[in-house]
Structures are given as structure tokens and as C-alpha cells.
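Remarks on the structure that follows.
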Number of protein chains: 2
Amino acid sequence: MARLPVYLRALTTLSEAGTTVCSSEDLAAAAGVNSAKLRKDLSYLGSYGTRGVGYDVDYLRYQIAREMGATRDWPVVIVGIGNLGHALANYSGFRSRGFRVVALLDADGQRHGEVVAGVVVRPFSDLRAIVREHGVAIGVIATPAAAAQDVADQMVDAGISSILNFAPTVLNVGAEIAVSKVDLSKELQVLAYHEQRKATQETA
Amino acid sequence: MARLPVYLRALTTLSEAGTTVCSSEDLAAAAGVNSAKLRKDLSYLGSYGTRGVGYDVDYLRYQIAREMGATRDWPVVIVGIGNLGHALANYSGFRSRGFRVVALLDADGQRHGEVVAGVVVRPFSDLRAIVREHGVAIGVIATPAAAAQDVADQMVDAGISSILNFAPTVLNVGAEIAVSKVDLSKELQVLAYHEQRKATQETA
DNA sequence: CTCGTTTTGTTCTCGCGTTCACAAACTCCT
DNA sequence: AGGAGTTTGTGAACGCGAGAACAAAACGAG
């Protein structure tokens, strides 16, 4: 489920606040969801709660982390070291959640050798070797839209099975490859759409 | 609808490729959705297609842009000029889609005066004045999670009505405020979850 | 030991969004 | 001009996820 990370974050917050036990109501409020939905999600993982009491925060946190694969380190490759790639490489939220950036790749030879966040930028052609060496399963695409499909194809070819795509393009890959897309400007456009609707409704 | 930006981008791509007319099938393929869904979405805006022919690419593009408010410029304020704030300020995708970063704000006095993407970083306390001066309706939060709620409150207080939140926190704001959340590490965690499931299924 | 209280886990219903399928409408060819 | 072939716009069915409601279970008080 896509909500597990949110629950995990809410549990971490509760744990840091000194809470040891919480009800589904409490956790649902912290995660911003309905309590029934939260209980249903958690029951899908197993029965980790105690009726009449609630959930043990640390225990549940560990169980969710285990289910999500957050108890191990995931090596990650980032392709495209522009503004966005820079920020992603430096983003502390990745490291703290078990993601290790093992390589930064860029097609632009001018950037090779540059050190970003303690990692050297290497040629894109090194992709296959790096995937093999580190057992990388997850790749991040932060290239311009025009290059994204080619990068994705070569990632799949090199053995990567999950792709996080920041380029504003629809990627065509096999159904066995998990693709997640983040479009920074799309979100702003949706907000602008709402503003626009508000404005037109007021004038009407 | 949240899919309009995707359609708009697909139309732009088609237009740049020299296509003047396209069927709903073509556009749906380019946008990665079902053609019936696309037609229904478009019919919600009006009847801009011609039966037996298809849609005029540029005409439809203009209509969608108008509906989304992309025909005018939207002033935007970014709060929190860390790694992510830097990347967002430099992100060309915003400017090219009608968003103009009119101010960069940060609570850290050390950063004030620094110029990022041609804009000077100013104190967070200038928020209200900037919103008034430029008529800002959209704010972007790129601060750490701990500061996000306070920033959101002050944004609402200053008159901002749409917030794009990159901080990993659930914001509590009035229902009249549109909030969109982007959690960079959440997406990676979902991918790791899929990888984890693949791995456990193979061993079972 | 029993009863009341609390909270989980689960069943059931409802509503929305997606998709299928078809009629209306337009173009082109003969 | 008429018919064949396309393609849009929309009505109807399907499926899935969300929320409400309830039964099962654990704890505590008397």
C-alpha cells in the first residue's frame, strides 16, 4: 500500500514524542486518514494490535518497516545530475530512510569527475557495471524529458526493476517494471487550476 | 481534474512534432490513459473535437491551458532554501509553465541576501508584504518537517490560498485552502516495498 | 469470577471513477 | 448525392476503495 510510508513516519513522530502505545484513532489523526481505513491497512499486514489497548508504537513501527523493506539498505542510482539531480543526491531524507546513492550518472562529459554529495559523477555508460557491482534494483531518472525513455530502456536492460521518474514523460516499459512518477510542475498546475476555478466562479 | 496537465504536456509534444490533428486514441496513448477516459475528461470542458476527425491539437491545447489558468502568470513564493528549495528555484519547468518565483524566503539569517536563480533570499517575516505586493496565491514549502506547519499557518494568514508542500508532514489548514503534497522519499519507499514483496515471494 | 469498557479486526453497504459499448455526426469516395 | 468508414460524446454496467457499523477480544474494577 502507498500509505505505509505515511504510517511509518507518523509512528516515528509518536515514538520520538515518547508515546509507547497508541490507538488507531491517534495514529489515524497523525497520519491524516480515517481510523477504519488505517485498521484495515494494518490488518492486511497481520494482527499487530491488542483489542482494548491499541498498538505498541515501536513494535508496529518495526513490523511496517520490515514489510516495506526499510530494515535493509537499498542501493540507488541517480541519472541526470542537473538541478534536480543535485538536490536529490543531497536530499537527506533518502539516506535516513535506508536509501544509499551508490552512483551518479550523466551523459554530459563535462560533469564527469565532479563530486556531488560525496559521490563522483560518472559516465552513463557505466550503468551496467554499477548495477552488477552493487546489486542495484532502483533507479532514479532526473534527466530532461527527451532522454528519459532511452535512460529507462537501458536501466531495464541493465537489470533495474524499479524506476522513479522525475522527467515529465510517460515511460514505456514492461509490466514487470515498477515505475513511479513525480512531476513537480504538475502539482503546481493543479493548484493553479483550483485558483483559476475560484476566480471564474467569483466573476460568474 | 488532475490529468489536465498530462494532456497539456502530451498535446505540446504532439504539436512540436508537427501534428495538427489527433484522435482521442493518439492522445490517450501519448498521455498514458484510456481513450474513453480522455474523451470524458475533455467533454467535461466542452465539445472541442470533431466527430470523424479528432481534435485540433493547438486549439485543444489552448482550451485546456485556459481552463487550467495556464494562460496567465502565477506568482509563487518558495519558503525554505535548502537543497530542495534551491532546485525548485532553478527548475525551468516552473517558469515555462507560467509560474514566476517572485520571492525566496528562509528563516535562517545566514542565507539572507544570497541570490538564487536571480532572486534574492529574504527573511521569512517579509512574507505578508510580498504576498500583498505581488498578489501571490500559491506558496511552496520546502522547509524541514518541523517548521512546515508554522510556515503554512503564516502563509494562510498572509492570504495564500494554495500550498504545495514538500515537507513530510500532514498540514492542518482550513478546508478552503488547497494543499498538494509531494513526498520525495515516499515514492522511493513504495518502490522498495514492491522490491521487498518480489523478494519475499521468490523465497516463499 | 463476572460485568462493563475500550479498541481491534472484519463485514457490509455506498458512492465514485473507470471502462465498455453504442448512437450521433462528420468526412471522403464513388 | 448517398453510402461507407471514422471518431466523438455519452449512457450504462462494472469494480474497487472508503466509510460506517458491528462482533470478537482484551483489560480492569468490583
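FYI, nothing fancy with the C-alpha cells labels: chains A, B, ... in order, residues from 1 per chain, ligands from 1 as they appear.
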
Proximal residues of chain B relative to chain D (only C-alpha atoms (C1' of nucleotides); 8 Å) as a JSON list (two decimals) with C-alpha atoms, in the first residue's frame:
```
[["chain", "number", "residue", "atom", "x", "y", "z"],
["B", 23, "SER", "CA", -7.66, 11.31, -32.41],
["B", 39, "ARG", "CA", -12.82, 11.77, -24.11],
["B", 40, "LYS", "CA", -14.95, 12.01, -20.99],
["B", 43, "SER", "CA", -16.14, 16.55, -22.84],
["B", 49, "GLY", "CA", -13.50, 17.73, -31.02],
["B", 50, "THR", "CA", -14.96, 16.94, -34.41],
["B", 51, "ARG", "CA", -16.56, 13.53, -34.92],
["B", 52, "GLY", "CA", -14.93, 11.54, -37.62],
["B", 53, "VAL", "CA", -11.85, 13.75, -37.48],
["B", 54, "GLY", "CA", -10.45, 14.20, -33.99]]
```

Original post:
Residues of range 24-101 of chain A in helix (DSSP H, G or I) according to DSSP, as a PyMOL selection string?
Top reply: chain A and resi 24-31+35-45+57-68+83-90+92-96

Would you return as a short mmCIF file (atom, residue, chain, number, x, y, z; two decimals) with all heavy atoms, in the first residue's frame the members of range 3-198 of chain A that DSSP assigns to strand (DSSP E) on this structure's backbone?
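Full text of selection-v3.cif as output:
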```cif
data_model
loop_
_atom_site.label_atom_id
_atom_site.label_comp_id
_atom_site.auth_asym_id
_atom_site.auth_seq_id
_atom_site.Cartn_x
_atom_site.Cartn_y
_atom_site.Cartn_z
N VAL A 21 2.30 3.46 23.37
CA VAL A 21 1.12 2.76 22.87
C VAL A 21 0.17 3.80 22.28
O VAL A 21 0.04 4.90 22.82
CB VAL A 21 0.40 1.99 24.01
CG1 VAL A 21 -0.92 1.43 23.52
CG2 VAL A 21 1.31 0.90 24.55
N CYS A 22 -0.47 3.45 21.17
CA CYS A 22 -1.43 4.39 20.59
C CYS A 22 -2.61 3.62 20.01
O CYS A 22 -2.48 2.48 19.59
CB CYS A 22 -0.77 5.24 19.51
SG CYS A 22 -0.38 4.33 18.01
N GLY A 49 -2.09 -5.49 16.70
CA GLY A 49 -2.68 -4.68 17.75
C GLY A 49 -3.28 -5.56 18.86
O GLY A 49 -3.38 -6.77 18.71
N THR A 50 -3.64 -4.92 19.96
CA THR A 50 -4.29 -5.62 21.05
C THR A 50 -5.63 -4.95 21.30
O THR A 50 -5.67 -3.75 21.57
CB THR A 50 -3.44 -5.56 22.33
OG1 THR A 50 -2.11 -5.96 22.02
CG2 THR A 50 -4.03 -6.46 23.41
N GLY A 54 -4.64 -1.10 22.00
CA GLY A 54 -4.13 -0.31 20.88
C GLY A 54 -2.92 -0.99 20.28
O GLY A 54 -2.78 -2.22 20.34
N TYR A 55 -2.03 -0.17 19.71
CA TYR A 55 -0.83 -0.71 19.08
C TYR A 55 0.41 -0.27 19.86
O TYR A 55 0.51 0.87 20.28
CB TYR A 55 -0.72 -0.21 17.63
CG TYR A 55 -1.86 -0.63 16.74
CD1 TYR A 55 -2.97 0.18 16.58
CD2 TYR A 55 -1.81 -1.84 16.08
CE1 TYR A 55 -4.01 -0.21 15.75
CE2 TYR A 55 -2.85 -2.24 15.26
CZ TYR A 55 -3.94 -1.42 15.09
OH TYR A 55 -4.98 -1.82 14.29
N ASP A 56 1.35 -1.20 20.00
CA ASP A 56 2.66 -0.85 20.55
C ASP A 56 3.42 -0.11 19.46
O ASP A 56 3.67 -0.67 18.38
CB ASP A 56 3.41 -2.11 20.99
CG ASP A 56 4.75 -1.78 21.63
OD1 ASP A 56 5.67 -1.31 20.90
OD2 ASP A 56 4.88 -1.96 22.85
N TRP A 74 18.91 0.03 0.54
CA TRP A 74 18.66 -0.12 -0.88
C TRP A 74 19.63 0.76 -1.65
O TRP A 74 19.60 1.99 -1.51
CB TRP A 74 17.23 0.30 -1.23
CG TRP A 74 16.20 -0.63 -0.67
CD1 TRP A 74 15.50 -0.47 0.47
CD2 TRP A 74 15.75 -1.85 -1.24
NE1 TRP A 74 14.63 -1.53 0.66
CE2 TRP A 74 14.77 -2.40 -0.39
CE3 TRP A 74 16.08 -2.56 -2.41
CZ2 TRP A 74 14.11 -3.60 -0.65
CZ3 TRP A 74 15.43 -3.76 -2.67
CH2 TRP A 74 14.46 -4.27 -1.79
N PRO A 75 20.47 0.15 -2.46
CA PRO A 75 21.35 0.96 -3.31
C PRO A 75 20.56 1.59 -4.43
O PRO A 75 19.68 0.95 -5.02
CB PRO A 75 22.36 -0.06 -3.85
CG PRO A 75 21.64 -1.37 -3.80
CD PRO A 75 20.69 -1.30 -2.63
N VAL A 76 20.85 2.84 -4.72
CA VAL A 76 20.10 3.61 -5.72
C VAL A 76 21.05 4.30 -6.67
O VAL A 76 22.12 4.77 -6.26
CB VAL A 76 19.21 4.67 -5.01
CG1 VAL A 76 18.59 5.62 -6.02
CG2 VAL A 76 18.14 3.99 -4.20
N VAL A 77 20.66 4.35 -7.94
CA VAL A 77 21.44 5.07 -8.94
C VAL A 77 20.62 6.26 -9.42
O VAL A 77 19.44 6.13 -9.70
CB VAL A 77 21.76 4.16 -10.15
CG1 VAL A 77 22.28 4.98 -11.31
CG2 VAL A 77 22.77 3.11 -9.75
N ILE A 78 21.26 7.43 -9.48
CA ILE A 78 20.59 8.61 -9.99
C ILE A 78 21.20 8.99 -11.33
O ILE A 78 22.42 9.14 -11.44
CB ILE A 78 20.72 9.81 -9.01
CG1 ILE A 78 20.06 9.46 -7.67
CG2 ILE A 78 20.10 11.06 -9.60
CD1 ILE A 78 20.18 10.55 -6.63
N VAL A 79 20.36 9.13 -12.34
CA VAL A 79 20.83 9.51 -13.68
C VAL A 79 20.33 10.91 -14.00
O VAL A 79 19.14 11.18 -13.90
CB VAL A 79 20.33 8.51 -14.73
CG1 VAL A 79 20.76 8.95 -16.13
CG2 VAL A 79 20.83 7.11 -14.43
N PHE A 99 18.03 4.49 1.95
CA PHE A 99 18.45 4.52 0.55
C PHE A 99 19.86 5.07 0.45
O PHE A 99 20.17 6.11 1.03
CB PHE A 99 17.48 5.35 -0.29
CG PHE A 99 16.08 4.80 -0.29
CD1 PHE A 99 15.10 5.34 0.52
CD2 PHE A 99 15.77 3.70 -1.07
CE1 PHE A 99 13.83 4.81 0.53
CE2 PHE A 99 14.49 3.17 -1.06
CZ PHE A 99 13.52 3.72 -0.25
N ARG A 100 20.71 4.35 -0.26
CA ARG A 100 22.10 4.76 -0.40
C ARG A 100 22.38 5.05 -1.87
O ARG A 100 22.18 4.18 -2.72
CB ARG A 100 23.01 3.63 0.11
CG ARG A 100 24.45 3.99 0.28
CD ARG A 100 25.13 2.96 1.21
NE ARG A 100 24.58 1.62 0.98
CZ ARG A 100 25.05 0.77 0.08
NH1 ARG A 100 26.08 1.09 -0.65
NH2 ARG A 100 24.50 -0.43 -0.07
N VAL A 101 22.79 6.27 -2.15
CA VAL A 101 23.11 6.64 -3.53
C VAL A 101 24.49 6.09 -3.84
O VAL A 101 25.49 6.60 -3.36
CB VAL A 101 23.07 8.17 -3.72
CG1 VAL A 101 23.47 8.52 -5.15
CG2 VAL A 101 21.68 8.71 -3.41
N VAL A 102 24.55 5.03 -4.64
CA VAL A 102 25.83 4.40 -4.94
C VAL A 102 26.48 4.98 -6.18
O VAL A 102 27.68 4.78 -6.39
CB VAL A 102 25.68 2.87 -5.11
CG1 VAL A 102 25.21 2.25 -3.81
CG2 VAL A 102 24.74 2.54 -6.25
N ALA A 103 25.69 5.66 -7.01
CA ALA A 103 26.31 6.23 -8.21
C ALA A 103 25.48 7.37 -8.77
O ALA A 103 24.26 7.35 -8.69
CB ALA A 103 26.49 5.15 -9.28
N LEU A 104 26.19 8.36 -9.32
CA LEU A 104 25.56 9.45 -10.06
C LEU A 104 26.05 9.37 -11.49
O LEU A 104 27.25 9.34 -11.73
CB LEU A 104 25.94 10.80 -9.43
CG LEU A 104 25.60 10.97 -7.96
CD1 LEU A 104 26.15 12.30 -7.44
CD2 LEU A 104 24.10 10.90 -7.73
N LEU A 105 25.11 9.34 -12.42
CA LEU A 105 25.49 9.20 -13.83
C LEU A 105 24.95 10.36 -14.64
O LEU A 105 23.86 10.87 -14.36
CB LEU A 105 24.93 7.88 -14.39
CG LEU A 105 25.30 6.61 -13.63
CD1 LEU A 105 24.67 5.41 -14.30
CD2 LEU A 105 26.81 6.45 -13.55
N ASP A 106 25.73 10.75 -15.64
CA ASP A 106 25.27 11.81 -16.52
C ASP A 106 25.89 11.59 -17.89
O ASP A 106 27.02 11.12 -18.00
CB ASP A 106 25.66 13.20 -15.97
CG ASP A 106 24.77 14.30 -16.53
OD1 ASP A 106 24.77 14.49 -17.76
OD2 ASP A 106 24.07 14.95 -15.73
N VAL A 115 32.21 15.99 -7.98
CA VAL A 115 31.78 15.28 -6.77
C VAL A 115 30.55 15.96 -6.20
O VAL A 115 30.57 17.16 -5.89
CB VAL A 115 32.90 15.25 -5.71
CG1 VAL A 115 32.39 14.57 -4.44
CG2 VAL A 115 34.11 14.52 -6.25
N VAL A 116 29.47 15.22 -6.10
CA VAL A 116 28.22 15.73 -5.55
C VAL A 116 27.81 14.85 -4.37
O VAL A 116 27.69 13.63 -4.52
CB VAL A 116 27.09 15.73 -6.62
CG1 VAL A 116 25.78 16.20 -6.01
CG2 VAL A 116 27.48 16.59 -7.81
N VAL A 119 29.80 11.75 -3.83
CA VAL A 119 29.81 10.71 -4.87
C VAL A 119 30.28 11.33 -6.18
O VAL A 119 29.86 12.43 -6.54
CB VAL A 119 28.40 10.09 -5.05
CG1 VAL A 119 28.42 9.01 -6.13
CG2 VAL A 119 27.89 9.53 -3.72
N VAL A 120 31.14 10.60 -6.88
CA VAL A 120 31.68 11.12 -8.14
C VAL A 120 30.68 10.89 -9.27
O VAL A 120 30.08 9.82 -9.37
CB VAL A 120 33.01 10.43 -8.48
CG1 VAL A 120 33.59 10.98 -9.78
CG2 VAL A 120 34.00 10.62 -7.35
N VAL A 121 30.50 11.88 -10.12
CA VAL A 121 29.65 11.74 -11.30
C VAL A 121 30.41 10.94 -12.36
O VAL A 121 31.54 11.28 -12.70
CB VAL A 121 29.24 13.12 -11.86
CG1 VAL A 121 28.41 12.95 -13.13
CG2 VAL A 121 28.47 13.91 -10.82
N ARG A 122 29.77 9.90 -12.85
CA ARG A 122 30.41 9.02 -13.83
C ARG A 122 29.62 8.98 -15.13
O ARG A 122 28.47 9.42 -15.18
CB ARG A 122 30.53 7.60 -13.23
CG ARG A 122 31.42 7.58 -12.00
CD ARG A 122 31.34 6.25 -11.29
NE ARG A 122 31.74 5.13 -12.12
CZ ARG A 122 31.75 3.87 -11.69
NH1 ARG A 122 31.36 3.58 -10.46
NH2 ARG A 122 32.12 2.90 -12.50
N PRO A 123 30.22 8.44 -16.19
CA PRO A 123 29.52 8.37 -17.48
C PRO A 123 28.31 7.44 -17.39
O PRO A 123 28.32 6.44 -16.66
CB PRO A 123 30.56 7.79 -18.44
CG PRO A 123 31.87 7.97 -17.75
CD PRO A 123 31.60 7.94 -16.29
N ILE A 138 16.91 -0.20 -7.89
CA ILE A 138 16.12 1.01 -8.03
C ILE A 138 16.92 2.10 -8.72
O ILE A 138 18.05 2.41 -8.31
CB ILE A 138 15.66 1.52 -6.64
CG1 ILE A 138 14.81 0.45 -5.95
CG2 ILE A 138 14.85 2.81 -6.78
CD1 ILE A 138 14.39 0.83 -4.54
N GLY A 139 16.33 2.69 -9.77
CA GLY A 139 16.97 3.77 -10.49
C GLY A 139 16.11 5.02 -10.47
O GLY A 139 14.89 4.93 -10.50
N VAL A 140 16.78 6.17 -10.42
CA VAL A 140 16.07 7.45 -10.42
C VAL A 140 16.44 8.21 -11.69
O VAL A 140 17.62 8.36 -12.00
CB VAL A 140 16.44 8.29 -9.18
CG1 VAL A 140 15.77 9.66 -9.23
CG2 VAL A 140 16.05 7.55 -7.90
N ILE A 141 15.42 8.67 -12.41
CA ILE A 141 15.64 9.43 -13.63
C ILE A 141 15.35 10.90 -13.37
O ILE A 141 14.23 11.27 -13.04
CB ILE A 141 14.74 8.92 -14.77
CG1 ILE A 141 15.06 7.45 -15.08
CG2 ILE A 141 14.91 9.79 -16.02
CD1 ILE A 141 14.21 6.86 -16.18
N SER A 162 12.92 -1.27 -10.67
CA SER A 162 12.03 -0.21 -10.19
C SER A 162 12.61 1.14 -10.58
O SER A 162 13.79 1.40 -10.38
CB SER A 162 11.88 -0.27 -8.67
OG SER A 162 11.16 -1.42 -8.28
N ILE A 163 11.76 2.00 -11.11
CA ILE A 163 12.22 3.30 -11.62
C ILE A 163 11.38 4.42 -11.01
O ILE A 163 10.16 4.36 -11.01
CB ILE A 163 12.12 3.36 -13.16
CG1 ILE A 163 13.06 2.32 -13.78
CG2 ILE A 163 12.43 4.76 -13.68
CD1 ILE A 163 12.98 2.25 -15.29
N LEU A 164 12.08 5.41 -10.49
CA LEU A 164 11.42 6.63 -10.04
C LEU A 164 11.71 7.71 -11.07
O LEU A 164 12.86 8.12 -11.24
CB LEU A 164 11.93 7.04 -8.66
CG LEU A 164 11.36 8.33 -8.07
CD1 LEU A 164 9.84 8.32 -8.07
CD2 LEU A 164 11.89 8.56 -6.67
N ASN A 165 10.67 8.18 -11.75
CA ASN A 165 10.85 9.07 -12.89
C ASN A 165 10.42 10.50 -12.56
O ASN A 165 9.25 10.76 -12.30
CB ASN A 165 10.03 8.54 -14.07
CG ASN A 165 10.13 9.44 -15.28
OD1 ASN A 165 11.13 10.12 -15.48
ND2 ASN A 165 9.08 9.45 -16.08
N ALA A 178 8.35 -1.73 -12.06
CA ALA A 178 7.54 -0.78 -11.30
C ALA A 178 8.03 0.63 -11.58
O ALA A 178 9.22 0.92 -11.41
CB ALA A 178 7.65 -1.09 -9.80
N VAL A 179 7.14 1.47 -12.04
CA VAL A 179 7.51 2.85 -12.33
C VAL A 179 6.67 3.78 -11.46
O VAL A 179 5.46 3.65 -11.37
CB VAL A 179 7.28 3.20 -13.81
CG1 VAL A 179 7.55 4.68 -14.05
CG2 VAL A 179 8.16 2.35 -14.70
N SER A 180 7.35 4.72 -10.83
CA SER A 180 6.67 5.73 -10.05
C SER A 180 7.06 7.07 -10.64
O SER A 180 8.22 7.29 -10.96
CB SER A 180 7.09 5.63 -8.59
OG SER A 180 6.36 6.52 -7.80
N LYS A 181 6.09 7.96 -10.80
CA LYS A 181 6.38 9.21 -11.47
C LYS A 181 6.09 10.39 -10.56
O LYS A 181 5.06 10.43 -9.89
CB LYS A 181 5.53 9.31 -12.74
CG LYS A 181 5.92 10.47 -13.63
CD LYS A 181 5.03 10.54 -14.86
CE LYS A 181 5.15 11.91 -15.50
NZ LYS A 181 4.03 12.19 -16.39
#
```

**OP:** Pull out every residue of chain A that has at least one atom within 7 Å of chain B, counting only C-alpha atoms, and report them as a list in words.
**Re:**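 That gives Ala2, Pro5, Ala31, Gly32, Met68, Gly69, Asn83, Leu84, Ala87, Asn90, Tyr91, Gly93, Phe94, Ser162, Leu164, Val170, Ala178, Ser180, Ser185, Lys186, Glu187, Leu188, Gln189, Val190, Leu191, Ala192, Tyr193 and Gln196 of chain A for chain A.
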
Subject >> Expected answer as a PyMOL selection string: chain C residues within 9 Å of chain A, only C-alpha atoms (C1' of nucleotides) >> reply: chain C and resi 5-10

Original post:
Which one is closest to Asp153 in chain A: A:Val136, A:Leu38, A:Val57, A:Leu127? Count only C-alpha atoms.
Top reply: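 Once distances to Asp153 in chain A are computed over only C-alpha atoms, the minimum belongs to A:Leu127.
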
**OP:** One decimal, Å: what's the distance from CA of Ala152 in chain A over to CA of Ala129 in chain A, could you say?
**Re:** 16.0 Å
